[in-house]
$ cat final-v3.json   # JSON, C-alpha atoms and all ligand atoms
[["chain", "number", "residue", "atom", "x", "y", "z"],
["A", 1, "MET", "CA", 11.49, -13.41, 4.00],
["A", 2, "CYS", "CA", 8.95, -11.40, 5.88],
["A", 3, "GLY", "CA", 7.39, -12.34, 9.21],
["A", 4, "SER", "CA", 6.67, -15.60, 11.03],
["A", 5, "ILE", "CA", 4.46, -18.58, 10.32],
["A", 6, "SER", "CA", 1.11, -18.75, 12.05],
["A", 7, "GLY", "CA", -1.62, -21.16, 10.98],
["A", 8, "GLY", "CA", -0.04, -21.60, 7.58],
["A", 9, "PHE", "CA", 0.25, -17.84, 7.00],
["A", 10, "PHE", "CA", 3.23, -15.59, 7.32],
["A", 11, "ASP", "CA", 2.42, -12.80, 9.77],
["A", 12, "CYS", "CA", 4.22, -9.72, 8.59],
["A", 13, "ARG", "CA", 5.69, -7.88, 11.56],
["A", 14, "ARG", "CA", 6.67, -4.91, 9.43],
["A", 15, "CYS", "CA", 3.13, -4.11, 8.28],
["A", 16, "SER", "CA", 1.29, -1.47, 10.28],
["A", 17, "GLY", "CA", -1.70, -2.53, 12.32],
["A", 18, "LYS", "CA", -2.90, -6.12, 12.35],
["A", 19, "GLN", "CA", -2.28, -6.70, 8.66],
["A", 20, "HIS", "CA", -0.11, -9.50, 7.45],
["A", 21, "HIS", "CA", 0.72, -10.61, 4.00],
["A", 22, "ILE", "CA", 1.38, -13.98, 2.59],
["A", 23, "GLN", "CA", 4.26, -15.01, 0.48],
["A", 24, "TRP", "CA", 6.37, -18.00, -0.47],
["A", 25, "LYS", "CA", 4.01, -20.63, 0.90],
["A", 26, "ARG", "CA", 0.29, -20.13, 1.23],
["A", 27, "LYS", "CA", -2.33, -22.03, 3.19],
["A", 28, "GLY", "CA", -3.09, -25.17, 1.21],
["A", 29, "GLY", "CA", 0.52, -25.32, 0.01],
["A", 30, "GLY", "CA", 0.23, -23.11, -3.12],
["A", 31, "HIS", "CA", 3.54, -21.36, -3.71],
["A", 32, "LEU", "CA", 3.86, -17.82, -4.97],
["A", 33, "ASN", "CA", 6.62, -16.75, -7.28],
["A", 34, "PRO", "CA", 7.39, -13.71, -9.42],
["A", 35, "LEU", "CA", 5.25, -14.98, -12.29],
["A", 36, "LYS", "CA", 2.30, -15.90, -10.08],
["A", 37, "LEU", "CA", 1.79, -12.93, -7.81],
["A", 38, "SER", "CA", -0.76, -12.70, -5.02],
["A", 39, "GLU", "CA", -3.99, -11.07, -6.17],
["A", 40, "ARG", "CA", -3.01, -7.96, -4.21],
["A", 41, "LEU", "CA", 0.39, -7.56, -5.89],
["A", 42, "ALA", "CA", -1.06, -8.51, -9.29],
["A", 43, "ALA", "CA", -3.54, -5.65, -8.90],
["A", 44, "VAL", "CA", -0.70, -3.26, -8.07],
["A", 45, "ALA", "CA", 1.23, -4.54, -11.12],
["A", 46, "SER", "CA", -1.79, -3.99, -13.37],
["A", 47, "PHE", "CA", -1.47, -0.22, -12.88],
["A", 48, "ILE", "CA", 2.11, -0.08, -14.19],
["A", 49, "GLU", "CA", 2.13, 1.08, -17.78],
["A", 50, "LYS", "CA", 4.16, -0.76, -20.41],
["A", 51, "GLY", "CA", 7.64, 0.70, -20.87],
["A", 52, "SER", "CA", 7.75, 2.36, -17.45],
["A", 53, "VAL", "CA", 10.97, 2.51, -15.47],
["A", 54, "LEU", "CA", 9.94, 1.38, -12.02],
["A", 55, "ALA", "CA", 11.14, 1.91, -8.47],
["A", 56, "ASP", "CA", 9.51, -0.52, -6.04],
["A", 57, "ILE", "CA", 10.03, 0.94, -2.57],
["A", 58, "GLY", "CA", 9.87, -1.54, 0.31],
["A", 59, "SER", "CA", 10.39, -4.33, -2.20],
["A", 60, "ASP", "CA", 11.17, -7.11, 0.30],
["A", 61, "HIS", "CA", 11.27, -10.25, -1.91],
["A", 62, "ALA", "CA", 11.32, -8.12, -5.14],
["A", 63, "TYR", "CA", 8.49, -10.20, -6.59],
["A", 64, "LEU", "CA", 6.76, -7.19, -8.10],
["A", 65, "PRO", "CA", 9.68, -5.87, -10.20],
["A", 66, "CYS", "CA", 10.67, -9.45, -11.14],
["A", 67, "HIS", "CA", 7.12, -10.11, -12.34],
["A", 68, "LEU", "CA", 6.92, -6.90, -14.35],
["A", 69, "VAL", "CA", 10.26, -7.55, -16.09],
["A", 70, "ARG", "CA", 9.47, -11.24, -16.67],
["A", 71, "THR", "CA", 6.11, -10.38, -18.29],
["A", 72, "GLY", "CA", 7.71, -7.73, -20.52],
["A", 73, "THR", "CA", 5.77, -4.83, -18.98],
["A", 74, "ILE", "CA", 9.00, -3.07, -18.02],
["A", 75, "GLU", "CA", 12.63, -3.45, -19.01],
["A", 76, "ARG", "CA", 14.28, -2.22, -15.87],
["A", 77, "ALA", "CA", 13.59, -1.41, -12.25],
["A", 78, "VAL", "CA", 15.07, -0.40, -8.94],
["A", 79, "ALA", "CA", 14.05, -2.42, -5.89],
["A", 80, "GLY", "CA", 14.57, -0.36, -2.73],
["A", 81, "GLU", "CA", 14.58, -1.93, 0.71],
["A", 82, "VAL", "CA", 15.52, -0.43, 4.08],
["A", 83, "ALA", "CA", 15.97, -3.65, 6.07],
["A", 84, "LYS", "CA", 18.97, -5.91, 5.57],
["A", 85, "GLY", "CA", 17.14, -9.29, 5.63],
["A", 86, "PRO", "CA", 14.51, -8.37, 3.01],
["A", 87, "TYR", "CA", 17.22, -6.59, 0.97],
["A", 88, "GLU", "CA", 19.24, -9.81, 0.88],
["A", 89, "SER", "CA", 16.10, -11.75, -0.02],
["A", 90, "ALA", "CA", 15.48, -9.33, -2.92],
["A", 91, "VAL", "CA", 19.08, -9.65, -4.14],
["A", 92, "ALA", "CA", 18.84, -13.46, -3.99],
["A", 93, "ASN", "CA", 15.48, -13.58, -5.81],
["A", 94, "VAL", "CA", 16.59, -11.21, -8.55],
["A", 95, "ALA", "CA", 19.74, -13.32, -9.08],
["A", 96, "LYS", "CA", 17.74, -16.57, -9.01],
["A", 97, "GLU", "CA", 15.43, -15.18, -11.69],
["A", 98, "GLY", "CA", 18.45, -14.14, -13.78],
["A", 99, "LEU", "CA", 17.34, -10.52, -13.70],
["A", 100, "SER", "CA", 20.35, -8.81, -12.08],
["A", 101, "GLU", "CA", 21.00, -6.90, -15.34],
["A", 102, "SER", "CA", 17.50, -5.43, -15.33],
["A", 103, "ILE", "CA", 16.78, -4.93, -11.63],
["A", 104, "THR", "CA", 19.07, -2.97, -9.32],
["A", 105, "VAL", "CA", 18.46, -3.77, -5.66],
["A", 106, "ARG", "CA", 19.46, -1.01, -3.22],
["A", 107, "LEU", "CA", 19.59, -0.96, 0.55],
["A", 108, "ALA", "CA", 18.09, 2.48, 1.14],
["A", 109, "ASN", "CA", 15.48, 4.38, 3.10],
["A", 110, "GLY", "CA", 12.40, 5.19, 1.02],
["A", 111, "ILE", "CA", 12.79, 7.32, -2.12],
["A", 112, "ALA", "CA", 16.57, 7.59, -1.45],
["A", 113, "ALA", "CA", 16.77, 4.30, -3.39],
["A", 114, "ILE", "CA", 16.12, 6.29, -6.59],
["A", 115, "ARG", "CA", 19.04, 8.01, -8.34],
["A", 116, "LYS", "CA", 18.63, 10.64, -11.04],
["A", 117, "GLU", "CA", 20.41, 8.52, -13.63],
["A", 118, "ASP", "CA", 17.83, 5.72, -13.11],
["A", 119, "GLU", "CA", 15.24, 7.87, -14.94],
["A", 120, "VAL", "CA", 12.49, 6.27, -12.88],
["A", 121, "ASP", "CA", 9.00, 7.36, -13.95],
["A", 122, "ALA", "CA", 6.80, 5.00, -11.93],
["A", 123, "VAL", "CA", 6.91, 4.15, -8.23],
["A", 124, "THR", "CA", 5.16, 1.38, -6.32],
["A", 125, "ILE", "CA", 4.91, 1.32, -2.52],
["A", 126, "ALA", "CA", 2.89, -1.64, -1.30],
["A", 127, "GLY", "CA", 2.10, -3.64, 1.80],
["A", 128, "MET", "CA", 2.69, -0.96, 4.45],
["A", 129, "GLY", "CA", 0.49, 1.32, 6.50],
["A", 130, "GLY", "CA", -0.83, 4.43, 4.75],
["A", 131, "THR", "CA", 0.87, 6.71, 7.27],
["A", 132, "LEU", "CA", 4.27, 5.13, 6.57],
["A", 133, "ILE", "CA", 3.69, 5.40, 2.80],
["A", 134, "ALA", "CA", 2.73, 9.09, 3.17],
["A", 135, "ASP", "CA", 5.84, 9.68, 5.34],
["A", 136, "ILE", "CA", 8.05, 8.02, 2.70],
["A", 137, "LEU", "CA", 6.51, 10.22, -0.04],
["A", 138, "GLU", "CA", 6.84, 13.36, 2.08],
["A", 139, "GLU", "CA", 10.47, 12.68, 2.92],
["A", 140, "GLY", "CA", 11.37, 11.89, -0.68],
["A", 141, "LYS", "CA", 9.15, 14.35, -2.55],
["A", 142, "ALA", "CA", 12.06, 16.44, -3.83],
["A", 143, "HIS", "CA", 13.19, 13.37, -5.79],
["A", 144, "LEU", "CA", 9.86, 12.65, -7.47],
["A", 145, "GLN", "CA", 10.16, 15.24, -10.30],
["A", 146, "GLY", "CA", 10.56, 12.68, -13.07],
["A", 147, "VAL", "CA", 7.90, 10.36, -11.64],
["A", 148, "LYS", "CA", 4.62, 10.33, -13.56],
["A", 149, "ARG", "CA", 2.72, 7.71, -11.57],
["A", 150, "ILE", "CA", 2.78, 6.34, -8.04],
["A", 151, "VAL", "CA", 0.86, 3.18, -7.20],
["A", 152, "ALA", "CA", 0.32, 2.94, -3.46],
["A", 153, "GLN", "CA", -1.17, -0.04, -1.67],
["A", 154, "PRO", "CA", -1.74, 0.83, 1.97],
["A", 155, "ASN", "CA", -2.85, -1.96, 4.30],
["A", 156, "ILE", "CA", -4.60, 0.59, 6.50],
["A", 157, "HIS", "CA", -5.12, 4.41, 6.66],
["A", 158, "ALA", "CA", -5.35, 5.15, 2.94],
["A", 159, "ILE", "CA", -6.63, 8.56, 4.08],
["A", 160, "ALA", "CA", -3.01, 9.55, 4.93],
["A", 161, "ILE", "CA", -2.04, 9.11, 1.26],
["A", 162, "ARG", "CA", -5.07, 11.03, -0.04],
["A", 163, "SER", "CA", -4.21, 13.85, 2.41],
["A", 164, "TRP", "CA", -0.60, 13.80, 1.18],
["A", 165, "CYS", "CA", -1.89, 14.17, -2.41],
["A", 166, "LEU", "CA", -3.99, 17.21, -1.48],
["A", 167, "ALA", "CA", -1.02, 18.94, 0.15],
["A", 168, "ASN", "CA", 1.53, 18.10, -2.55],
["A", 169, "GLY", "CA", 0.02, 18.61, -6.01],
["A", 170, "TRP", "CA", -0.77, 14.96, -6.70],
["A", 171, "THR", "CA", -4.21, 13.59, -7.46],
["A", 172, "ILE", "CA", -5.85, 10.18, -7.62],
["A", 173, "VAL", "CA", -6.59, 8.89, -11.12],
["A", 174, "ASP", "CA", -7.84, 5.43, -10.16],
["A", 175, "GLU", "CA", -8.46, 3.20, -7.17],
["A", 176, "ARG", "CA", -9.19, -0.43, -6.55],
["A", 177, "ILE", "CA", -10.38, -2.42, -3.56],
["A", 178, "LEU", "CA", -10.02, -6.18, -3.25],
["A", 179, "LYS", "CA", -10.28, -8.96, -0.74],
["A", 180, "GLU", "CA", -7.71, -11.71, -0.48],
["A", 181, "ASP", "CA", -7.41, -14.28, 2.30],
["A", 182, "HIS", "CA", -9.97, -12.39, 4.42],
["A", 183, "LYS", "CA", -8.03, -9.11, 4.20],
["A", 184, "ILE", "CA", -9.29, -6.08, 2.35],
["A", 185, "TYR", "CA", -6.75, -4.00, 0.44],
["A", 186, "GLU", "CA", -7.00, -0.62, -1.29],
["A", 187, "ILE", "CA", -4.83, 0.48, -4.20],
["A", 188, "LEU", "CA", -4.45, 4.17, -5.05],
["A", 189, "VAL", "CA", -3.03, 5.38, -8.37],
["A", 190, "LEU", "CA", -1.51, 8.85, -8.12],
["A", 191, "GLU", "CA", -0.51, 11.26, -10.87],
["A", 192, "LYS", "CA", 0.46, 14.93, -10.78],
["A", 193, "GLY", "CA", -2.46, 17.34, -10.55],
["A", 194, "GLN", "CA", -4.46, 19.28, -8.01],
["A", 195, "ALA", "CA", -6.77, 16.99, -6.05],
["A", 196, "ALA", "CA", -10.08, 18.22, -4.67],
["A", 197, "PHE", "CA", -11.72, 15.67, -2.39],
["A", 198, "SER", "CA", -14.78, 16.05, -0.20],
["A", 199, "GLU", "CA", -14.37, 14.88, 3.40],
["A", 200, "ILE", "CA", -16.01, 11.55, 2.65],
["A", 201, "GLU", "CA", -13.93, 11.05, -0.53],
["A", 202, "LEU", "CA", -10.79, 11.69, 1.50],
["A", 203, "LEU", "CA", -11.80, 8.95, 3.91],
["A", 204, "VAL", "CA", -13.17, 6.26, 1.59],
["A", 205, "GLY", "CA", -11.69, 7.22, -1.80],
["A", 206, "PRO", "CA", -13.38, 9.08, -4.67],
["A", 207, "PHE", "CA", -13.35, 6.19, -7.17],
["A", 208, "LEU", "CA", -14.21, 3.56, -4.58],
["A", 209, "LEU", "CA", -17.12, 5.68, -3.35],
["A", 210, "ALA", "CA", -18.48, 6.09, -6.89],
["A", 211, "GLU", "CA", -18.20, 2.33, -7.46],
["A", 212, "LYS", "CA", -19.45, 1.13, -4.03],
["A", 213, "SER", "CA", -18.47, -2.47, -4.67],
["A", 214, "PRO", "CA", -19.50, -5.30, -2.31],
["A", 215, "VAL", "CA", -15.93, -5.38, -0.90],
["A", 216, "PHE", "CA", -16.09, -1.63, -0.25],
["A", 217, "ILE", "CA", -19.40, -2.09, 1.61],
["A", 218, "GLU", "CA", -17.89, -4.93, 3.62],
["A", 219, "LYS", "CA", -14.84, -2.85, 4.56],
["A", 220, "TRP", "CA", -16.88, 0.10, 5.79],
["A", 221, "VAL", "CA", -19.45, -2.06, 7.62],
["A", 222, "ARG", "CA", -16.47, -3.60, 9.49],
["A", 223, "GLU", "CA", -15.01, -0.14, 10.24],
["A", 224, "LEU", "CA", -18.37, 1.21, 11.37],
["A", 225, "GLU", "CA", -18.86, -1.70, 13.76],
["A", 226, "GLU", "CA", -15.37, -1.17, 15.17],
["A", 227, "TRP", "CA", -15.98, 2.57, 15.70],
["A", 228, "GLN", "CA", -19.30, 1.80, 17.40],
["A", 229, "ARG", "CA", -17.53, -0.67, 19.69],
["A", 230, "VAL", "CA", -14.84, 1.90, 20.57],
["A", 231, "LEU", "CA", -17.49, 4.57, 21.14],
["A", 232, "ARG", "CA", -19.37, 2.31, 23.57],
["A", 233, "ALA", "CA", -16.10, 1.58, 25.41],
["A", 234, "ILE", "CA", -15.29, 5.30, 25.70],
["A", 235, "GLU", "CA", -18.81, 6.10, 26.89],
["A", 236, "SER", "CA", -18.63, 3.51, 29.64],
["A", 237, "ALA", "CA", -15.13, 4.62, 30.74],
["A", 238, "GLY", "CA", -16.23, 7.97, 32.22],
["A", 239, "HIS", "CA", -15.47, 11.57, 31.26],
["A", 240, "SER", "CA", -12.32, 13.39, 30.24],
["A", 241, "GLU", "CA", -11.65, 16.19, 27.74],
["A", 242, "GLU", "CA", -9.69, 13.77, 25.57],
["A", 243, "ALA", "CA", -12.49, 11.19, 25.62],
["A", 244, "GLU", "CA", -15.07, 13.85, 24.66],
["A", 245, "LYS", "CA", -12.96, 14.90, 21.65],
["A", 246, "ARG", "CA", -12.54, 11.28, 20.56],
["A", 247, "LYS", "CA", -16.29, 10.69, 20.92],
["A", 248, "ILE", "CA", -17.10, 13.68, 18.69],
["A", 249, "GLN", "CA", -14.64, 12.47, 16.03],
["A", 250, "LEU", "CA", -16.03, 8.95, 16.12],
["A", 251, "LYS", "CA", -19.65, 10.13, 15.94],
["A", 252, "GLU", "CA", -18.82, 12.30, 12.91],
["A", 253, "LYS", "CA", -17.19, 9.38, 11.12],
["A", 254, "ILE", "CA", -20.03, 7.01, 12.05],
["A", 255, "GLU", "CA", -22.59, 9.47, 10.69],
["A", 256, "MET", "CA", -20.61, 10.13, 7.48],
["A", 257, "VAL", "CA", -19.96, 6.47, 6.65],
["A", 258, "GLY", "CA", -23.44, 5.47, 7.86],
["A", 259, "LYS", "CA", -24.92, 7.75, 5.20],
["A", 260, "VAL", "CA", -22.75, 6.18, 2.49],
["A", 261, "LEU", "CA", -23.85, 2.70, 3.51],
["A", 262, "SER", "CA", -27.54, 3.56, 3.71],
["A", 263, "ASN", "CA", -27.70, 5.30, 0.30],
["A", 301, "LIG", "N1", 6.12, -4.45, -1.11],
["A", 301, "LIG", "C1", 6.07, -5.84, -0.71],
["A", 301, "LIG", "C2", 4.67, -6.37, -0.80],
["A", 301, "LIG", "O1", 3.73, -5.56, -0.93],
["A", 301, "LIG", "O2", 4.49, -7.59, -0.72],
["A", 301, "LIG", "C3", 6.63, -6.02, 0.70],
["A", 301, "LIG", "C4", 5.77, -5.50, 1.80],
["A", 301, "LIG", "S1", 6.55, -5.66, 3.40],
["A", 301, "LIG", "C5", 5.25, -5.75, 4.46],
["A", 301, "LIG", "C6", 7.07, -3.98, 3.65],
["A", 301, "LIG", "C7", 8.53, -3.80, 3.31],
["A", 301, "LIG", "O3", 8.81, -2.41, 3.31],
["A", 301, "LIG", "C8", 9.43, -4.43, 4.34],
["A", 301, "LIG", "O4", 10.34, -5.28, 3.68],
["A", 301, "LIG", "C9", 10.11, -3.25, 5.01],
["A", 301, "LIG", "O5", 11.43, -3.52, 5.42],
["A", 301, "LIG", "C10", 10.08, -2.21, 3.90],
["A", 301, "LIG", "N2", 10.14, -0.82, 4.35],
["A", 301, "LIG", "C11", 9.52, -0.25, 5.40],
["A", 301, "LIG", "N3", 9.86, 1.06, 5.47],
["A", 301, "LIG", "C12", 10.69, 1.31, 4.43],
["A", 301, "LIG", "C13", 11.39, 2.46, 3.98],
["A", 301, "LIG", "N4", 11.30, 3.62, 4.62],
["A", 301, "LIG", "N5", 12.17, 2.35, 2.89],
["A", 301, "LIG", "C14", 12.28, 1.17, 2.22],
["A", 301, "LIG", "N6", 11.66, 0.04, 2.62],
["A", 301, "LIG", "C15", 10.87, 0.12, 3.71]]

$ encode --input "final-v3.json" --output "C-alpha cells"
Amino acid sequence: MCGSISGGFFDCRRCSGKQHHIQWKRKGGGHLNPLKLSERLAAVASFIEKGSVLADIGSDHAYLPCHLVRTGTIERAVAGEVAKGPYESAVANVAKEGLSESITVRLANGIAAIRKEDEVDAVTIAGMGGTLIADILEEGKAHLQGVKRIVAQPNIHAIAIRSWCLANGWTIVDERILKEDHKIYEILVLEKGQAAFSEIELLVGPFLLAEKSPVFIEKWVRELEEWQRVLRAIESAGHSEEAEKRKIQLKEKIEMVGKVLSN
C-alpha cells in the first residue's frame, strides 16, 4: 500500500511534489478495486489498445494490469515495481484476483522489468512526477524497440516527458486532462515519430492547448497565480544574479500562459 492516511486520503510519499493518490479506501468509504479504477487510472487504461501486451512500470498495487486483464482488453502483462512493499502488494493483489498466470510481477528498476521474451508493445507509467517518468524512459530507451505506445500520467512536470519525446524520436498522439478529488492530472499518449512542438505546446501540451477544456484553464490559472506569487517573493527578497535569471524565466512563462488564457 502506498503512503499514509490523512483526512481519509492516502498521502503518497513516493509521488513527486505535493501530489498524492488515493487507493483502497476513499473519503466517504468507497473502496477501489481492479474492476473499479479511480477516474485517473481508468483514463490511463482507456488508452491501451485491445490485444496489447502491457508493462505497467511503477505498478504498486497492480490495479491497472489487473483491470485490463479482467476486462479482456489484454491477455497478459508485466507489473514492474522498484520498491519491496509495493511489489509485495502487487504480488498479493494479482494472486488474490487469480491472475498470476497472466500477470508477471517483477521487482525491478524502471524498464528493466521488461524482458525481450515478454514481447511487450505497450507501456504505462502513472502516478509519478514527469521528471522521474522521463528519467525512467531515458534510462530504459534501449529496451523500448518493440514498444508501440507509451501512456504516461505525470502528476507534475509533464513538460519533462514532452521534452524527452522531442529528443528521442517519440511524439504525442493524444492527451487528456482530468480533475479527481481536487487534483488535476494529465495523460500523455506517446508513439514513435518525430515531434515538433512550439514552446507553449511543450509546456501545456499540443492536444490540451487545442482543446482548452475548463480543467485545463483551471490548471493554468492555478499555475499562473503560483508563478506570480513566487515572482513577488523574489522581487521583495533583493537582488542576485540567480534571482534575476529566475525572474526572467517566470515572467516569460507568465506572459506565455497569460496569452493562452486570455485568447
Ligand atoms: N502506477 C500506480 C498508480 O498510478 O496508481 C502507482 C503510483 S505510485 C505513486 C508510484 C510507484 O512507482 C511507487 O510504487 C514507486 O515505488 C514506483 N516507482 C518509482 N520509481 C520507480 C522505478 N524507477 N521503477 C519502478 N517503479 C518505480

$ residues_around --input "final-v3.json" --residues "Ser262 in chain A" --least-positions-apart "5" --cutoff "12 Å" --atoms "only C-alpha atoms" --output "VMD selection string"
chain A and resid 212 217 220 to 221 254 to 257

$ closest_atom_pairs --input "final-v3.json" --of "chain A" --to "ligand LIG 301 (chain A)" --cutoff "6 Å" --atoms "all atoms listed in the file" --output "CSV"
residue,atom,partner,partner_atom,distance
A:Cys12,CA,A:LIG301,C5,5.8
A:Arg14,CA,A:LIG301,C5,5.2
A:Cys15,CA,A:LIG301,C5,4.7
A:Ile57,CA,A:LIG301,C14,5.3
A:Gly58,CA,A:LIG301,O3,3.3
A:Ser59,CA,A:LIG301,N1,4.4
A:Asp60,CA,A:LIG301,O4,3.9
A:Gly80,CA,A:LIG301,C14,5.7
A:Glu81,CA,A:LIG301,N6,4.0
A:Val82,CA,A:LIG301,C14,4.1
A:Ala83,CA,A:LIG301,O5,4.6
A:Pro86,CA,A:LIG301,O4,5.2
A:Asn109,CA,A:LIG301,N5,3.9
A:Gly110,CA,A:LIG301,N5,3.4
A:Ala126,CA,A:LIG301,O1,4.0
A:Gly127,CA,A:LIG301,O1,3.7
A:Met128,CA,A:LIG301,C6,5.4
A:Ile136,CA,A:LIG301,N4,5.8

$ atom_distance --input "final-v3.json" --atom1 "CA of Trp170 in chain A" --atom2 "CA of Gly193 in chain A"
4.8 Å

$ closest_residue --input "final-v3.json" --among "A:Val53, A:Ile248, A:Val69, A:Ala210" --to "Lys148 in chain A" --atoms "all atoms listed in the file"
A:Val53

$ atom_distance --input "final-v3.json" --atom1 "CA of Arg76 in chain A" --atom2 "CA of Lys96 in chain A"
16.3 Å

$ closest_residue --input "final-v3.json" --among "A:Glu211, A:Glu199, A:Ile156, A:His61" --to "Arg176 in chain A" --atoms "only C-alpha atoms"
A:Glu211

$ closest_residue --input "final-v3.json" --among "A:Ala134, A:Arg40, A:Ile125, A:Ala55" --to "Thr104 in chain A" --atoms "all atoms listed in the file"
A:Ala55

$ closest_residue --input "final-v3.json" --among "A:Thr71, A:Val105, A:Pro65, A:Val215" --to "Glu88 in chain A" --atoms "all atoms listed in the file"
A:Val105

$ atom_distance --input "final-v3.json" --atom1 "CA of Val260 in chain A" --atom2 "CA of Leu209 in chain A"
8.1 Å

$ closest_residue --input "final-v3.json" --among "A:Lys179, A:Lys50, A:Lys36, A:Lys141" --to "Leu64 in chain A" --atoms "only C-alpha atoms"
A:Lys36

$ closest_residue --input "final-v3.json" --among "A:Ser213, A:Asn263, A:Ser198, A:Ser240" --to "Leu178 in chain A" --atoms "only C-alpha atoms"
A:Ser213

$ residues_around --input "final-v3.json" --residues "Phe207 in chain A" --least-positions-apart "3" --cutoff "12 Å" --atoms "all atoms listed in the file" --output "ChimeraX atom specification"
/A:162,171-177,186-189,197,200-204,210-213,216

$ decode --input "final-v3.json" --residues "range 135-146 of chain A" --atoms "N, CA and C atoms" --output "PDB file, in the first residue's frame"
ATOM      1  N   ASP A 135      13.101  10.290 -16.752  1.00  0.00           N
ATOM      2  CA  ASP A 135      14.362   9.605 -16.381  1.00  0.00           C
ATOM      3  C   ASP A 135      14.240   8.092 -16.606  1.00  0.00           C
ATOM      4  N   ILE A 136      13.078   7.528 -16.247  1.00  0.00           N
ATOM      5  CA  ILE A 136      12.873   6.085 -16.436  1.00  0.00           C
ATOM      6  C   ILE A 136      12.923   5.750 -17.932  1.00  0.00           C
ATOM      7  N   LEU A 137      12.280   6.586 -18.756  1.00  0.00           N
ATOM      8  CA  LEU A 137      12.271   6.348 -20.214  1.00  0.00           C
ATOM      9  C   LEU A 137      13.684   6.493 -20.775  1.00  0.00           C
ATOM     10  N   GLU A 138      14.394   7.505 -20.316  1.00  0.00           N
ATOM     11  CA  GLU A 138      15.754   7.752 -20.824  1.00  0.00           C
ATOM     12  C   GLU A 138      16.664   6.566 -20.481  1.00  0.00           C
ATOM     13  N   GLU A 139      16.585   6.125 -19.239  1.00  0.00           N
ATOM     14  CA  GLU A 139      17.449   5.032 -18.792  1.00  0.00           C
ATOM     15  C   GLU A 139      17.131   3.726 -19.516  1.00  0.00           C
ATOM     16  N   GLY A 140      15.848   3.550 -19.868  1.00  0.00           N
ATOM     17  CA  GLY A 140      15.444   2.265 -20.448  1.00  0.00           C
ATOM     18  C   GLY A 140      15.206   2.312 -21.940  1.00  0.00           C
ATOM     19  N   LYS A 141      15.591   3.409 -22.605  1.00  0.00           N
ATOM     20  CA  LYS A 141      15.156   3.591 -24.001  1.00  0.00           C
ATOM     21  C   LYS A 141      15.681   2.521 -24.959  1.00  0.00           C
ATOM     22  N   ALA A 142      16.820   1.922 -24.620  1.00  0.00           N
ATOM     23  CA  ALA A 142      17.369   0.880 -25.496  1.00  0.00           C
ATOM     24  C   ALA A 142      16.452  -0.344 -25.517  1.00  0.00           C
ATOM     25  N   HIS A 143      15.586  -0.457 -24.523  1.00  0.00           N
ATOM     26  CA  HIS A 143      14.719  -1.643 -24.426  1.00  0.00           C
ATOM     27  C   HIS A 143      13.279  -1.347 -24.848  1.00  0.00           C
ATOM     28  N   LEU A 144      13.104  -0.246 -25.573  1.00  0.00           N
ATOM     29  CA  LEU A 144      11.746   0.124 -25.992  1.00  0.00           C
ATOM     30  C   LEU A 144      11.491  -0.166 -27.477  1.00  0.00           C
ATOM     31  N   GLN A 145      12.402  -0.931 -28.124  1.00  0.00           N
ATOM     32  CA  GLN A 145      12.258  -1.129 -29.588  1.00  0.00           C
ATOM     33  C   GLN A 145      10.907  -1.699 -29.977  1.00  0.00           C
ATOM     34  N   GLY A 146      10.444  -2.704 -29.230  1.00  0.00           N
ATOM     35  CA  GLY A 146       9.190  -3.364 -29.612  1.00  0.00           C
ATOM     36  C   GLY A 146       7.948  -2.614 -29.122  1.00  0.00           C
TER      37      GLY A 146
END
